[in-house]
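The file final-v7.cif contains mmCIF, C-alpha atoms:
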data_my_file
#
loop_
_atom_site.label_atom_id
_atom_site.label_comp_id
_atom_site.auth_asym_id
_atom_site.auth_seq_id
_atom_site.Cartn_x
_atom_site.Cartn_y
_atom_site.Cartn_z
CA MET A 1207 20.21 -38.19 96.05
CA THR A 1208 20.05 -41.95 95.59
CA ALA A 1209 17.69 -44.64 96.76
CA GLY A 1210 20.78 -46.97 96.73
CA GLY A 1211 21.55 -50.66 97.40
CA SER A 1212 22.57 -53.53 95.14
CA HIS A 1213 19.05 -54.97 94.96
CA VAL A 1214 17.99 -51.65 93.40
CA VAL A 1215 20.70 -52.00 90.75
CA ILE A 1216 19.55 -55.55 89.97
CA GLU A 1217 15.94 -54.36 89.78
CA LEU A 1218 17.00 -51.64 87.32
CA ALA A 1219 18.93 -54.14 85.19
CA VAL A 1220 16.03 -56.59 84.96
CA ARG A 1221 13.38 -53.94 84.25
CA PHE A 1222 15.36 -52.11 81.57
CA ALA A 1223 16.63 -55.28 79.89
CA ALA A 1224 13.04 -56.49 79.45
CA LEU A 1225 11.98 -53.10 78.07
CA SER A 1226 14.95 -52.97 75.70
CA LEU A 1227 13.46 -55.59 73.41
CA VAL A 1228 10.07 -53.89 73.04
CA ALA A 1229 11.34 -50.30 72.71
CA ILE A 1230 10.15 -49.97 69.10
CA GLY A 1231 10.59 -46.29 68.31
CA GLY A 1232 13.37 -45.93 70.88
CA ILE A 1233 13.31 -44.75 74.47
CA SER A 1234 10.61 -42.17 73.65
CA ALA A 1235 8.21 -45.08 73.27
CA ILE A 1236 8.79 -46.62 76.69
CA LEU A 1237 8.61 -43.53 78.91
CA PRO A 1238 5.16 -44.43 80.31
CA GLU A 1239 6.50 -47.84 81.35
CA ILE A 1240 9.65 -46.35 82.92
CA HIS A 1241 7.36 -43.86 84.69
CA ARG A 1242 5.05 -46.66 85.85
CA VAL A 1243 7.99 -48.61 87.30
CA VAL A 1244 10.09 -45.84 88.88
CA VAL A 1245 7.23 -43.59 90.08
CA ASP A 1246 4.13 -45.78 90.61
CA VAL A 1247 5.55 -49.23 91.43
CA GLN A 1248 8.93 -48.51 93.10
CA GLY A 1249 8.37 -44.95 94.31
CA TRP A 1250 11.97 -44.00 93.50
CA MET A 1251 10.97 -40.45 92.50
CA THR A 1252 7.94 -38.20 92.04
CA SER A 1253 6.24 -37.58 88.73
CA GLY A 1254 7.62 -34.01 88.77
CA GLU A 1255 11.20 -35.21 89.33
CA PHE A 1256 10.73 -37.65 86.45
CA ALA A 1257 9.67 -34.82 84.14
CA ASP A 1258 12.60 -32.64 85.30
CA LEU A 1259 15.12 -35.42 84.66
CA PHE A 1260 13.66 -35.90 81.20
CA ALA A 1261 14.08 -32.20 80.44
CA LEU A 1262 17.71 -32.36 81.62
CA ALA A 1263 18.40 -35.35 79.39
CA GLN A 1264 16.90 -33.51 76.42
CA LEU A 1265 19.04 -30.43 77.09
CA ALA A 1266 22.27 -32.45 77.13
CA PRO A 1267 24.00 -33.38 73.86
CA GLY A 1268 23.73 -36.98 72.71
CA PRO A 1269 20.96 -39.52 72.03
CA ASN A 1270 17.80 -38.93 74.09
CA ALA A 1271 18.14 -42.60 75.10
CA MET A 1272 20.51 -41.25 77.74
CA PHE A 1273 17.46 -40.48 79.85
CA VAL A 1274 17.67 -44.05 81.15
CA SER A 1275 21.23 -43.35 82.34
CA LEU A 1276 19.93 -40.36 84.27
CA VAL A 1277 17.15 -42.42 85.84
CA GLY A 1278 19.76 -45.02 86.84
CA TRP A 1279 21.97 -42.31 88.31
CA LYS A 1280 19.10 -40.79 90.30
CA VAL A 1281 18.11 -44.18 91.69
CA ALA A 1282 21.52 -45.76 92.39
CA GLY A 1283 24.36 -43.38 91.55
CA LEU A 1284 27.09 -44.07 88.98
CA ALA A 1285 26.62 -47.85 89.14
CA GLY A 1286 22.91 -47.29 88.46
CA ALA A 1287 23.69 -45.08 85.46
CA ILE A 1288 26.03 -47.65 83.91
CA VAL A 1289 23.78 -50.64 84.61
CA ALA A 1290 20.63 -48.88 83.37
CA THR A 1291 22.35 -47.82 80.12
CA ALA A 1292 23.83 -51.26 79.46
CA ALA A 1293 20.54 -53.00 80.27
CA ALA A 1294 18.45 -50.65 78.10
CA CYS A 1295 20.81 -50.79 75.09
CA GLY A 1296 22.39 -54.25 75.38
CA PRO A 1297 19.61 -56.67 74.39
CA SER A 1298 18.33 -54.43 71.58
CA SER A 1299 21.90 -53.99 70.26
CA VAL A 1300 22.53 -57.75 70.16
CA LEU A 1301 19.22 -58.24 68.34
CA CYS A 1302 20.12 -55.43 65.93
CA TYR A 1303 23.50 -57.04 65.23
CA TRP A 1304 21.90 -60.32 64.20
CA VAL A 1305 19.01 -58.83 62.26
CA ALA A 1306 21.32 -56.51 60.32
CA ARG A 1307 23.41 -59.50 59.22
CA TRP A 1308 20.29 -61.35 58.19
CA ALA A 1309 18.84 -58.29 56.43
CA GLU A 1310 21.95 -57.97 54.23
CA ARG A 1311 20.95 -61.27 52.66
CA ALA A 1312 17.18 -60.82 52.86
CA ARG A 1313 16.94 -57.33 51.36
CA THR A 1314 14.24 -58.21 48.88
CA THR A 1315 11.97 -60.24 51.15
CA ARG A 1316 8.44 -59.14 51.91
CA ILE A 1317 8.74 -59.27 55.69
CA LEU A 1318 10.72 -56.04 56.25
CA PRO A 1319 8.21 -53.62 54.64
CA VAL A 1320 5.38 -55.51 56.35
CA LEU A 1321 7.12 -55.12 59.70
CA ARG A 1322 7.74 -51.43 59.06
CA ARG A 1323 4.10 -50.72 58.18
CA ALA A 1324 2.79 -52.80 61.09
CA LEU A 1325 5.10 -51.42 63.76
CA ALA A 1326 5.13 -47.73 62.82
CA PRO A 1327 1.59 -46.93 64.12
CA ILE A 1328 2.24 -48.84 67.36
CA ALA A 1329 5.46 -46.88 67.90
CA ILE A 1330 3.59 -43.62 67.23
CA GLY A 1331 0.90 -44.59 69.76
CA PHE A 1332 3.55 -45.32 72.38
CA ILE A 1333 5.41 -42.06 71.68
CA LEU A 1334 2.15 -40.10 72.04
CA ALA A 1335 1.53 -41.90 75.34
CA SER A 1336 5.02 -40.82 76.42
CA GLY A 1337 4.30 -37.17 75.69
CA TYR A 1338 0.98 -37.44 77.53
CA THR A 1339 2.67 -39.01 80.58
CA LEU A 1340 5.37 -36.34 80.65
CA ALA A 1341 2.83 -33.53 80.28
CA GLN A 1342 0.97 -34.88 83.29
CA GLY A 1343 4.18 -34.97 85.34
CA ALA A 1344 5.22 -31.46 84.34
CA ASP A 1345 3.75 -28.28 85.81
CA ARG A 1346 0.00 -27.98 85.08
CA SER A 1347 -0.31 -24.17 85.09
CA PRO A 1348 -1.90 -22.51 82.03
CA GLY A 1349 1.50 -21.10 81.04
CA ALA A 1350 3.12 -24.53 81.20
CA LEU A 1351 0.32 -26.11 79.19
CA ALA A 1352 0.74 -23.37 76.59
CA LEU A 1353 4.48 -24.13 76.43
CA THR A 1354 3.72 -27.82 75.88
CA ALA A 1355 1.35 -26.94 73.03
CA VAL A 1356 3.73 -24.44 71.40
CA ALA A 1357 6.65 -26.88 71.62
CA ALA A 1358 4.52 -29.66 70.06
CA VAL A 1359 3.46 -27.45 67.15
CA ALA A 1360 6.98 -26.08 66.64
CA LEU A 1361 8.47 -29.56 66.48
CA ALA A 1362 5.75 -31.02 64.27
CA PHE A 1363 5.58 -28.24 61.70
CA THR A 1364 8.92 -26.40 61.67
CA ARG A 1365 12.58 -27.37 61.32
CA VAL A 1366 13.76 -25.52 64.44
CA ASN A 1367 16.45 -27.41 66.43
CA PRO A 1368 14.53 -28.76 69.46
CA VAL A 1369 17.27 -27.61 71.83
CA TRP A 1370 16.38 -23.99 71.02
CA ILE A 1371 12.74 -24.73 71.87
CA LEU A 1372 13.85 -26.06 75.28
CA VAL A 1373 16.23 -23.15 75.90
CA ALA A 1374 13.53 -20.62 74.96
CA ALA A 1375 11.10 -22.36 77.33
CA ALA A 1376 13.67 -22.38 80.16
CA VAL A 1377 14.34 -18.65 79.68
CA ALA A 1378 10.59 -17.92 79.62
CA GLY A 1379 10.21 -19.95 82.82
CA ALA A 1380 13.10 -18.19 84.58
CA MET A 1381 11.55 -14.82 83.67
CA GLY A 1382 8.30 -15.94 85.29
CA LEU A 1383 6.31 -16.14 82.05
CA ALA A 1384 5.24 -19.77 82.55
CA MET B 42 29.38 -63.33 73.40
CA ILE B 43 28.87 -62.67 69.66
CA PRO B 44 30.83 -64.64 67.06
CA PRO B 45 32.81 -62.66 64.43
CA PRO B 46 31.03 -61.79 61.15
CA ASP B 47 31.10 -64.57 58.59
CA ASP B 48 33.60 -64.41 55.75
CA ALA B 49 30.91 -64.56 53.07
CA ALA B 50 29.47 -61.20 54.14
CA THR B 51 32.94 -59.62 54.30
CA ALA B 52 33.90 -60.98 50.89
CA ALA B 53 30.63 -59.85 49.31
CA THR B 54 31.31 -56.28 50.44
CA GLY B 55 34.98 -56.22 49.38
CA ARG B 56 34.80 -52.58 48.29
CA ASP B 57 32.95 -51.53 51.42
CA PRO B 58 34.47 -48.18 52.46
CA LEU B 59 33.82 -49.23 56.05
CA ALA B 60 36.21 -52.17 55.84
CA GLY B 61 39.31 -49.94 55.86
CA VAL B 62 38.26 -47.75 58.78
CA THR B 63 40.57 -47.96 61.80
CA PRO B 64 39.11 -48.57 65.28
CA GLY B 65 40.35 -45.14 66.40
CA ARG B 66 38.64 -43.33 63.54
CA LEU B 67 35.44 -45.33 64.07
CA PHE B 68 35.38 -44.38 67.75
CA ALA B 69 36.23 -40.72 67.09
CA SER B 70 33.50 -40.41 64.44
CA PHE B 71 30.76 -41.69 66.74
CA LEU B 72 32.11 -39.58 69.59
CA LYS B 73 31.66 -36.53 67.36
CA MET B 74 28.06 -37.46 66.49
CA GLY B 75 27.17 -37.87 70.16
CA LEU B 76 28.84 -34.67 71.33
CA LEU B 77 27.41 -32.46 68.59
CA GLY B 78 23.94 -33.96 68.82
CA PHE B 79 22.15 -31.27 70.76
CA GLY B 80 18.44 -31.90 70.31
CA GLY B 81 18.92 -35.21 68.51
CA VAL B 82 21.81 -37.10 66.98
CA LEU B 83 20.25 -38.18 63.71
CA PRO B 84 21.00 -35.07 61.60
CA TRP B 85 24.64 -35.22 62.71
CA ALA B 86 24.81 -38.96 62.14
CA ARG B 87 23.75 -38.47 58.52
CA ARG B 88 26.21 -35.62 58.03
CA VAL B 89 29.20 -37.54 59.43
CA VAL B 90 28.40 -40.95 57.93
CA VAL B 91 27.29 -39.79 54.47
CA ASP B 92 28.83 -36.36 53.77
CA GLU B 93 32.05 -36.29 55.75
CA ARG B 94 33.23 -39.92 55.82
CA GLY B 95 31.44 -41.33 52.77
CA TRP B 96 30.81 -44.61 54.58
CA LEU B 97 27.27 -44.98 53.23
CA SER B 98 25.39 -43.45 50.30
CA ASP B 99 22.28 -41.39 51.06
CA ARG B 100 20.15 -44.28 49.93
CA ASP B 101 22.02 -46.83 52.07
CA PHE B 102 21.73 -44.51 55.03
CA ALA B 103 17.95 -44.16 54.58
CA GLU B 104 17.54 -47.93 54.24
CA THR B 105 19.71 -48.59 57.27
CA MET B 106 17.75 -46.05 59.33
CA GLY B 107 14.53 -47.73 58.21
CA LEU B 108 15.82 -50.98 59.67
CA CYS B 109 16.95 -49.20 62.85
CA GLN B 110 13.46 -47.79 63.31
CA VAL B 111 11.78 -51.15 62.93
CA LEU B 112 14.07 -52.73 65.51
CA PRO B 113 13.61 -52.08 69.24
CA GLY B 114 16.14 -49.86 70.95
CA PRO B 115 17.42 -46.32 70.40
CA ASN B 116 17.69 -45.67 66.65
CA VAL B 117 21.14 -44.08 66.74
CA VAL B 118 22.48 -46.83 69.00
CA ASN B 119 21.22 -49.38 66.46
CA LEU B 120 22.89 -47.35 63.70
CA ALA B 121 26.16 -47.47 65.67
CA VAL B 122 25.81 -51.25 66.02
CA ILE B 123 25.26 -51.75 62.28
CA ILE B 124 28.04 -49.42 61.06
CA GLY B 125 30.47 -50.48 63.78
CA SER B 126 29.97 -54.17 63.08
CA ARG B 127 30.35 -53.71 59.31
CA SER B 128 33.70 -52.10 60.00
CA GLN B 129 35.18 -54.15 62.84
CA GLY B 130 32.69 -56.88 63.77
CA PRO B 131 31.27 -57.05 67.32
CA PHE B 132 34.27 -55.10 68.65
CA GLY B 133 33.47 -52.29 66.22
CA ALA B 134 29.83 -52.29 67.32
CA LEU B 135 30.92 -51.93 70.94
CA LEU B 136 33.37 -49.13 70.04
CA ALA B 137 30.76 -47.18 68.07
CA VAL B 138 28.08 -47.53 70.76
CA THR B 139 30.57 -46.50 73.46
CA GLY B 140 31.62 -43.53 71.36
CA ILE B 141 28.11 -42.27 70.79
CA LEU B 142 26.90 -42.80 74.38
CA PHE B 143 29.46 -42.56 77.08
CA VAL B 144 31.00 -39.10 76.77
CA PRO B 145 27.55 -37.50 76.30
CA ILE B 146 26.43 -39.41 79.40
CA ALA B 147 29.35 -37.96 81.37
CA VAL B 148 28.41 -34.44 80.20
CA MET B 149 24.77 -35.07 81.11
CA LEU B 150 25.64 -36.37 84.60
CA ALA B 151 27.79 -33.27 85.17
CA MET B 152 24.77 -31.16 84.19
CA ALA B 153 22.56 -33.18 86.54
CA ILE B 154 24.98 -32.74 89.45
CA PHE B 155 25.12 -29.00 88.75
CA TYR B 156 21.33 -28.88 88.60
CA ALA B 157 21.08 -30.72 91.94
CA GLU B 158 23.29 -27.97 93.43
CA VAL B 159 21.10 -25.12 92.18
CA ALA B 160 17.72 -26.91 92.27
CA HIS B 161 16.58 -25.10 95.41
CA HIS B 162 16.97 -21.73 93.68
CA PRO B 163 13.57 -20.49 92.41
CA LEU B 164 15.08 -19.30 89.13
CA ALA B 165 16.46 -22.78 88.36
CA ARG B 166 13.20 -24.41 89.46
CA HIS B 167 11.11 -22.24 87.17
CA ALA B 168 13.52 -22.71 84.26
CA ILE B 169 13.56 -26.50 84.50
CA ALA B 170 9.79 -26.73 85.10
CA ALA B 171 9.21 -24.74 81.92
CA ALA B 172 11.76 -26.82 80.02
CA SER B 173 10.08 -30.05 81.12
CA ALA B 174 6.67 -28.75 79.99
CA ALA B 175 8.24 -27.98 76.61
CA ALA B 176 10.03 -31.36 76.52
CA ALA B 177 6.63 -33.07 76.86
CA GLY B 178 5.49 -30.98 73.90
CA LEU B 179 8.52 -32.08 71.86
CA ILE B 180 7.57 -35.73 72.32
CA ILE B 181 3.94 -35.03 71.37
CA GLY B 182 5.21 -33.10 68.34
CA THR B 183 7.41 -36.06 67.37
CA ALA B 184 4.35 -38.33 67.40
CA VAL B 185 2.40 -35.84 65.26
CA ARG B 186 5.26 -35.54 62.78
CA LEU B 187 5.66 -39.31 62.48
CA PHE B 188 1.90 -39.72 62.08
CA ILE B 189 1.75 -37.22 59.22
CA LYS B 190 4.66 -38.96 57.51
CA ALA B 191 3.31 -42.49 58.01
CA ARG B 192 -0.34 -41.80 57.03
CA PRO B 193 -1.41 -45.20 58.41
CA PRO B 194 -4.51 -46.95 57.01
CA LEU B 195 -7.47 -47.75 59.28
CA ARG B 196 -5.89 -50.90 60.73
CA GLY B 197 -2.82 -48.82 61.66
CA LEU B 198 -5.01 -46.15 63.26
CA LEU B 199 -6.61 -48.89 65.36
CA THR B 200 -3.34 -50.41 66.62
CA GLY B 201 -1.86 -46.93 67.19
CA THR B 202 -4.89 -45.75 69.18
CA ALA B 203 -4.92 -49.00 71.16
CA ALA B 204 -1.22 -48.51 71.97
CA PHE B 205 -1.84 -44.96 73.21
CA VAL B 206 -4.91 -45.80 75.31
CA ALA B 207 -3.54 -49.00 76.86
CA VAL B 208 -0.21 -47.50 77.89
CA GLY B 209 -0.86 -43.76 78.25
CA VAL B 210 -4.36 -43.76 79.75
CA LEU B 211 -4.89 -47.20 81.31
CA HIS B 212 -1.23 -47.60 82.42
CA TRP B 213 -1.08 -51.25 81.37
CA PRO B 214 2.41 -52.83 81.36
CA LEU B 215 4.00 -51.92 78.03
CA VAL B 216 5.72 -55.26 77.39
CA TRP B 217 2.45 -57.20 77.11
CA VAL B 218 0.66 -54.45 75.20
CA ALA B 219 3.57 -54.27 72.74
CA LEU B 220 3.71 -58.03 72.20
CA ALA B 221 -0.05 -58.34 71.66
CA LEU B 222 -0.28 -55.36 69.30
CA MET B 223 2.83 -56.39 67.37
CA ALA B 224 1.40 -59.86 66.78
CA GLY B 225 -1.98 -58.49 65.70
CA GLY B 226 -0.52 -55.66 63.63
CA VAL B 227 1.95 -57.85 61.75
CA ALA B 228 -0.73 -60.46 61.03
CA ALA B 229 -3.15 -57.84 59.67
CA GLU B 230 -0.44 -56.19 57.57
CA TRP B 231 0.75 -59.54 56.21
CA ARG B 232 -2.77 -60.45 55.12
CA ALA B 233 -3.25 -57.02 53.54
CA SER B 234 -0.02 -57.40 51.55
CA THR B 235 -1.05 -60.64 49.81
#

Could you render the structure as structure tokens?
Amino acid sequence: MTAGGSHVVIELAVRFAALSLVAIGGISAILPEIHRVVVDVQGWMTSGEFADLFALAQLAPGPNAMFVSLVGWKVAGLAGAIVATAAACGPSSVLCYWVARWAERARTTRILPVLRRALAPIAIGFILASGYTLAQGADRSPGALALTAVAAVALAFTRVNPVWILVAAAVAGAMGLA
Amino acid sequence: MIPPPDDAATAATGRDPLAGVTPGRLFASFLKMGLLGFGGVLPWARRVVVDERGWLSDRDFAETMGLCQVLPGPNVVNLAVIIGSRSQGPFGALLAVTGILFVPIAVMLAMAIFYAEVAHHPLARHAIAAASAAAAGLIIGTAVRLFIKARPPLRGLLTGTAAFVAVGVLHWPLVWVALALMAGGVAAEWRAST
């Protein structure tokens, strides 16, 4: 199950810690980079396994950031899960701690709205790239592509809990409809 | 690693409902948000923090989430850092983040181990393949939803498209793309705001 070894754990820590500070928009924004590293550069898993792990992480309760824990677990077991989570959340959390303290005092400054307007479109571009990367890793049959499209529309334009969308898709898949 | 919060901030928020929260209650509250958060934690975070505990007003919550979204890192983890540290300093931040992450991670790993056991079964394979196709759609849908809400001007469309093409299509390393686009985007937005 694991590609194991302490050098792998160190590699995970360094990669995720660097990504932590640019993950504007959360983990959803850095999926293509995680994919590039774990599939293309390191060859720790296939694109299909990557997409499956992502689906599992989405089905579980909790923040979808936990996908990095699952990647760590797949690559280096429990130590990998813990190190990947700490590396992906640690640097951004420390930054958040300091900025929040500063923002208490700087509520009325111009820089926060400017940052929000400047960073939002970049985050959206990255999140779209994440969806595109995942769709390429997932099954490419017409049924699967239709599921991707239906899920996208359902999430964008309805208030359905996304877990039900995933469960419905899984049931459709098990019944051989996709 | 992180020094305690300064006394000025604590004194200024003397009536902060978060100041009286015990570490146990802080941890339990974030544990609840994580465990109940099927399909996303944010709705539950708002419910627990605003409606049930009364730690933040709706307006404070929206402003705090706005800050969390601007900052790198998972939004709800950032929320845990901010609320936890307002209650108990760095220790509180650690407690809240642990609460929201670690039990859900244990549940998820149990699911992953179970899936590894049944993965060879065609039924399980088809189910998870379909779920992963839908999960890709959920992320695309999230981008669409955010785009409709943000309605970026032309300069935003340009940085957003550049972000998508560079990372999604050309597979350039995200760190450098992010840094370059952030610098350019902030500069353009700053000029536009004066």

To test your reading of the syntax: which residues would the PyMOL selection byres ((chain A and resi 1292) around 10) return for the file shown? Reply as a PyMOL selection string.
chain A and resi 1219+1222-1223+1226+1274-1275+1286-1291+1293-1297+1299

Using the selection just defined, write its residues with C-alpha atoms as a tab-separated table (two decimals), keeping the file's coordinate frame.
chain	number	residue	atom	x	y	z
A	1219	ALA	CA	18.93	-54.14	85.19
A	1222	PHE	CA	15.36	-52.11	81.57
A	1223	ALA	CA	16.63	-55.28	79.89
A	1226	SER	CA	14.95	-52.97	75.70
A	1274	VAL	CA	17.67	-44.05	81.15
A	1275	SER	CA	21.23	-43.35	82.34
A	1286	GLY	CA	22.91	-47.29	88.46
A	1287	ALA	CA	23.69	-45.08	85.46
A	1288	ILE	CA	26.03	-47.65	83.91
A	1289	VAL	CA	23.78	-50.64	84.61
A	1290	ALA	CA	20.63	-48.88	83.37
A	1291	THR	CA	22.35	-47.82	80.12
A	1293	ALA	CA	20.54	-53.00	80.27
A	1294	ALA	CA	18.45	-50.65	78.10
A	1295	CYS	CA	20.81	-50.79	75.09
A	1296	GLY	CA	22.39	-54.25	75.38
A	1297	PRO	CA	19.61	-56.67	74.39
A	1299	SER	CA	21.90	-53.99	70.26

Nearest to chain B by atom-to-atom distance, counting all atoms listed in the file, from A:Gly1382, A:Gly1232, A:Ala1282, A:Gly1349:
A:Gly1232

Hey, can you check how far atom CA of Ala1285 of chain A sits from atom CA of Ser1212 of chain A?
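Distance between the two atoms: 9.2 Å.
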
Which neighbours of Pro145 of chain B fall inside 9 Å, counting all atoms listed in the file, when residues of the same chain fewer than 6 positions from it are skipped, and could you give them as a list in words?
Ala1266, Pro1267, Gly1268, Pro1269 and Met1272 of chain A; Leu72, Gly75 and Leu76 of chain B

So how many Å separate atom CA of Lys73 of chain B and atom CA of Val159 of chain B, to one decimal?
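Those two atoms sit 29.3 Å apart.
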
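Minimum distance to Pro1238 of chain A across A:Phe1256, A:Trp1370, A:Trp1250, A:Tyr1303 (counting only C-alpha atoms) occurs at A:Phe1256.
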
Which residue, A:Leu1383, A:Ile1230, A:Val1366, A:Ile1371, has the smallest gap to chain B when you use all atoms listed in the file?
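Comparing A:Leu1383, A:Ile1230, A:Val1366, A:Ile1371 against chain B, the winner is A:Ile1230.
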
Atom pair atom CA of Arg186 of chain B / atom CA of Ala1362 of chain A: separation (Å)
4.8 Å
